[in-house]
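> I am attaching a structure below and will ask some questions about it afterwards.
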Amino acid sequence: MEITNRIVYLLRGHISRELNAQEQAELLAWGNRDPAFRRLLEEVVSEEGLKAALQAFDAVYGTDQAASISRMERRIADGIRAAEEKSLKRRATHRLQRWIPYAAAVILVLAVGIYVFRYRVGLPSKTTDTTHLAADIQPGGNRATLKLSGGRTISLSEEQGGIVVVDGDITYEDGNTVTALADRTNGRSDAVQLELATPNGGTYSITLPDGSRVWLNAASTLKYPSRFDGKERIVELEGEAYFDVRSVKSDSGGEPFKVITQGQTVEVLGTQFNISAYPDESETKTTLVKGRVQVTSTIGNRPPIEMEPGQQAITHGAYTDVKQVMADKYTAWKDGFFYFDRLPMREAIAQLARWYDLEISYKGKLSEDNMFAYVERNKPLSAVLRALEKSGLKFEMAQTDGRARLIVLGER
């Protein structure tokens with residue numbers, strides 16, 4: 001029951017926007033533990049899900065929600081205790097399976113209850129034309145091109161999720177060949193420069209010659225050699241990518257791995273981190289998940305800054321600031337989620353534009369409020385817009401020269 005009460009507390013705080021970063025991370029970790037928990041979390045954070053639950057709640061329990069929730073808490077608490085007593089001699093997996101339905105009922109009812117008390121909303125209205133249009137816009141997927149040294153470009157398979165670079169060959173992750181590189185000399189091919197690029201609505205991964213792995217987000221480009229020679233391993237990034245860098249030892253010690261972007265040079269030996277360096281954004285952000293990295297601004301002669309896990313280095317021009325962050329917020333895209341936690345509205349909309357390949361325009365005065373949403377990236381645009389409407393945003397859809405345009409509506 002302690003676990004159930006804790007999750008109820010976190011969900012109450014989430015709906016009322018009162019959780020701190022540590023509590024929000026705890027709730028997210030709980031949601032990732034089990035598919036059933038994840039589905040429930042998505043329902044609770046979705047205004048549409050809350051409205052549907054509210055309609056059923058009103059139909060069954062009437063308008064006296066305080067008394068109804070109190071009765072429901074007692075009844076389900078008794079049910080959980082009874083289930084636990086009967087399950088003592090069963091395996092742990094059976095106990096968990098019996099516990100989930102009770103816990104889910106408590107959480108959903110109490111979440112709806114607190115939503116009623118603080119943010120009472122009307123029942124669902126008819127679907128708008130905007131929803132219909134947005135429902136037709138499907139999410140991005142595995143899309144990328146590989147540019148070879150001679151300029152030839154290969155469109156990579158959407159049925160695959162990544163490529164592997166080995167000396168003389170590039171294969172998909174399942175071993176199927178993409179292409180052979182230049183002819184080998186003395187059993188070894190010459191090192192050539194290659195380029196992996198994802199379009200709007202695309203994502204792809206690559207395993208580099210040293211065994212390091214990189215996941216590219218939408219509208220991103222990674223330049224890298226077919227083989228790392230010398231004392232350094234250097235790649236260039238435009239856009240966003242998550243790096244899992246393998247530590248490589250040599251006679252002189254570790255071989256540094258460097259990522260060069262428009263605003264930063266990031267140097268590591270072996271670690272995991274995320275870099276966001278889109279050319280249309282004024283800041284370059286490196287978020288460290290594991291290990292240590294050094295970040296240096298590409299402008300000026302300032303000394304490098306050494307980061308620790310859970311820190312983010314934000315470079316604007318010649319200046320770099322470091323702050324503590326919840327790294328999951330900045331790496332959720334790699335695991336298939338939009339995670340907007342008190343994120344400025346324009347930053348969130350920019351992520352949608354890249355993933356759903358949208359043109360964006362704004363009407364009226366926009367709110368300065370930040371937003372929260374936690375939505376799977378494999379859902380159609382309409383599902384994401386419904387989650388964002390919970391933050392008070394309104395949208396319209398249009399078509400411009402065959403391309404979808406999202407209109408964000410502000411105050412008139």
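Letters A, B, ... mark the chains of the structure tokens in the order given; residue numbers begin at 1 per chain; ligand numbers begin at 1, in order shown.
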Residues of region 327-410 of chain A that approach region 208-216 of chain A to 12 Å or less, counting only C-alpha atoms: could you list each one with the shortest pair of atoms and its distance in Å to one decimal, rows by chain and increasing residue number, as CSV?

residue,atom,partner,partner_atom,distance
A:Thr331,CA,A:Trp215,CA,10.3
A:Ala332,CA,A:Trp215,CA,11.9
A:Trp333,CA,A:Trp215,CA,9.8
A:Lys334,CA,A:Trp215,CA,7.0
A:Asp335,CA,A:Trp215,CA,10.2
A:Gly336,CA,A:Trp215,CA,11.7
A:Trp355,CA,A:Leu216,CA,12.0
> Using only C-alpha atoms, which residues sit within 6 Å of Glu240 (chain A) once same-chain residues fewer than 5 positions away are excluded, as a count of residues only?
5
> What is the CA of Ser382 (chain A)-CA of Tyr278 (chain A) distance in Å, reported with one decimal?
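Result for CA of Ser382 (chain A) versus CA of Tyr278 (chain A): 25.3 Å, one decimal.
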> Quick one: residues within 6 Å of region 141-150 of chain A, only C-alpha atoms, excluding same-chain residues fewer than 3 positions away - as JSON, numbers by chain?
{"A": [153, 154, 155, 156, 158, 161, 193, 194, 195, 196, 197, 198, 202, 203, 204]}
> Keeping N, CA, C and O atoms, export the residues of the selection given above as a compact mmCIF listing (two decimals), in the first residue's frame.

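See out.txt below for the written result:
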# COMPACT_ATOMS: atom_id res chain seq x y z
N THR A 153 24.94 8.93 -52.94
CA THR A 153 24.05 8.88 -51.77
C THR A 153 23.19 7.63 -51.83
O THR A 153 22.61 7.31 -52.88
N ILE A 154 23.09 6.94 -50.72
CA ILE A 154 22.29 5.72 -50.61
C ILE A 154 21.14 5.98 -49.65
O ILE A 154 21.36 6.43 -48.52
N SER A 155 19.92 5.70 -50.09
CA SER A 155 18.76 5.78 -49.19
C SER A 155 18.70 4.49 -48.39
O SER A 155 18.58 3.40 -48.96
N LEU A 156 18.80 4.59 -47.07
CA LEU A 156 18.84 3.41 -46.22
C LEU A 156 17.45 2.84 -45.99
O LEU A 156 16.44 3.55 -46.03
N GLU A 158 14.06 1.59 -44.53
CA GLU A 158 13.20 1.97 -43.41
C GLU A 158 12.82 0.77 -42.56
O GLU A 158 12.27 0.93 -41.46
N GLY A 161 16.99 -0.30 -38.49
CA GLY A 161 17.09 0.79 -37.54
C GLY A 161 18.47 1.41 -37.45
O GLY A 161 18.63 2.47 -36.84
N GLN A 193 35.91 9.64 -45.77
CA GLN A 193 34.95 10.40 -44.99
C GLN A 193 33.54 10.02 -45.44
O GLN A 193 33.24 9.98 -46.63
N LEU A 194 32.66 9.76 -44.46
CA LEU A 194 31.29 9.36 -44.73
C LEU A 194 30.33 10.29 -44.00
O LEU A 194 30.72 11.02 -43.08
N GLU A 195 29.05 10.24 -44.39
CA GLU A 195 28.08 11.16 -43.80
C GLU A 195 26.72 10.45 -43.69
O GLU A 195 26.18 9.99 -44.69
N LEU A 196 26.21 10.38 -42.47
CA LEU A 196 24.87 9.82 -42.22
C LEU A 196 23.94 10.97 -41.89
O LEU A 196 24.24 11.78 -41.00
N ALA A 197 22.81 11.07 -42.62
CA ALA A 197 21.90 12.20 -42.43
C ALA A 197 20.47 11.70 -42.30
O ALA A 197 20.03 10.81 -43.05
N THR A 198 19.73 12.27 -41.36
CA THR A 198 18.31 11.99 -41.21
C THR A 198 17.51 13.22 -41.64
O THR A 198 17.91 14.35 -41.36
N GLY A 202 12.85 11.64 -39.40
CA GLY A 202 13.72 10.47 -39.50
C GLY A 202 14.59 10.29 -38.27
O GLY A 202 14.91 11.23 -37.56
N THR A 203 14.96 9.04 -38.02
CA THR A 203 15.92 8.71 -36.96
C THR A 203 16.67 7.47 -37.40
O THR A 203 16.13 6.63 -38.15
N TYR A 204 17.93 7.34 -36.99
CA TYR A 204 18.74 6.17 -37.37
C TYR A 204 19.91 6.08 -36.41
O TYR A 204 20.30 7.09 -35.79
> Which value, in Å to one decimal, gives the distance between CA of Gly162 (chain A) and CA of Thr179 (chain A)?
13.7 Å
> Could you find all residues in region 264-412 of chain A that DSSP calls strand (DSSP E) from the backbone, and write them as number ranges by chain?
A: 264-268, 272-277, 284-290, 293-297, 305-307, 311-316, 319-324, 337-344, 359-363, 370-376, 394-400, 403-409
> Please identify all polymer residues within 8 Å of Met345 (chain A), counting only C-alpha atoms, omitting same-chain residues fewer than 6 positions from it, and present them as JSON, numbers by chain.
{"A": [368, 369, 370, 371]}
> CA of Leu181 (chain A) and CA of Asp244 (chain A), how far apart in Å?
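Spanning CA of Asp244 (chain A) to CA of Leu181 (chain A) is a straight-line distance of 24.5 Å.
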> Ranking A:Lys390, A:Lys285, A:Arg342, A:Arg405 by minimum distance to Asn20 (chain A) and counting only C-alpha atoms, which one comes first?
A:Arg342
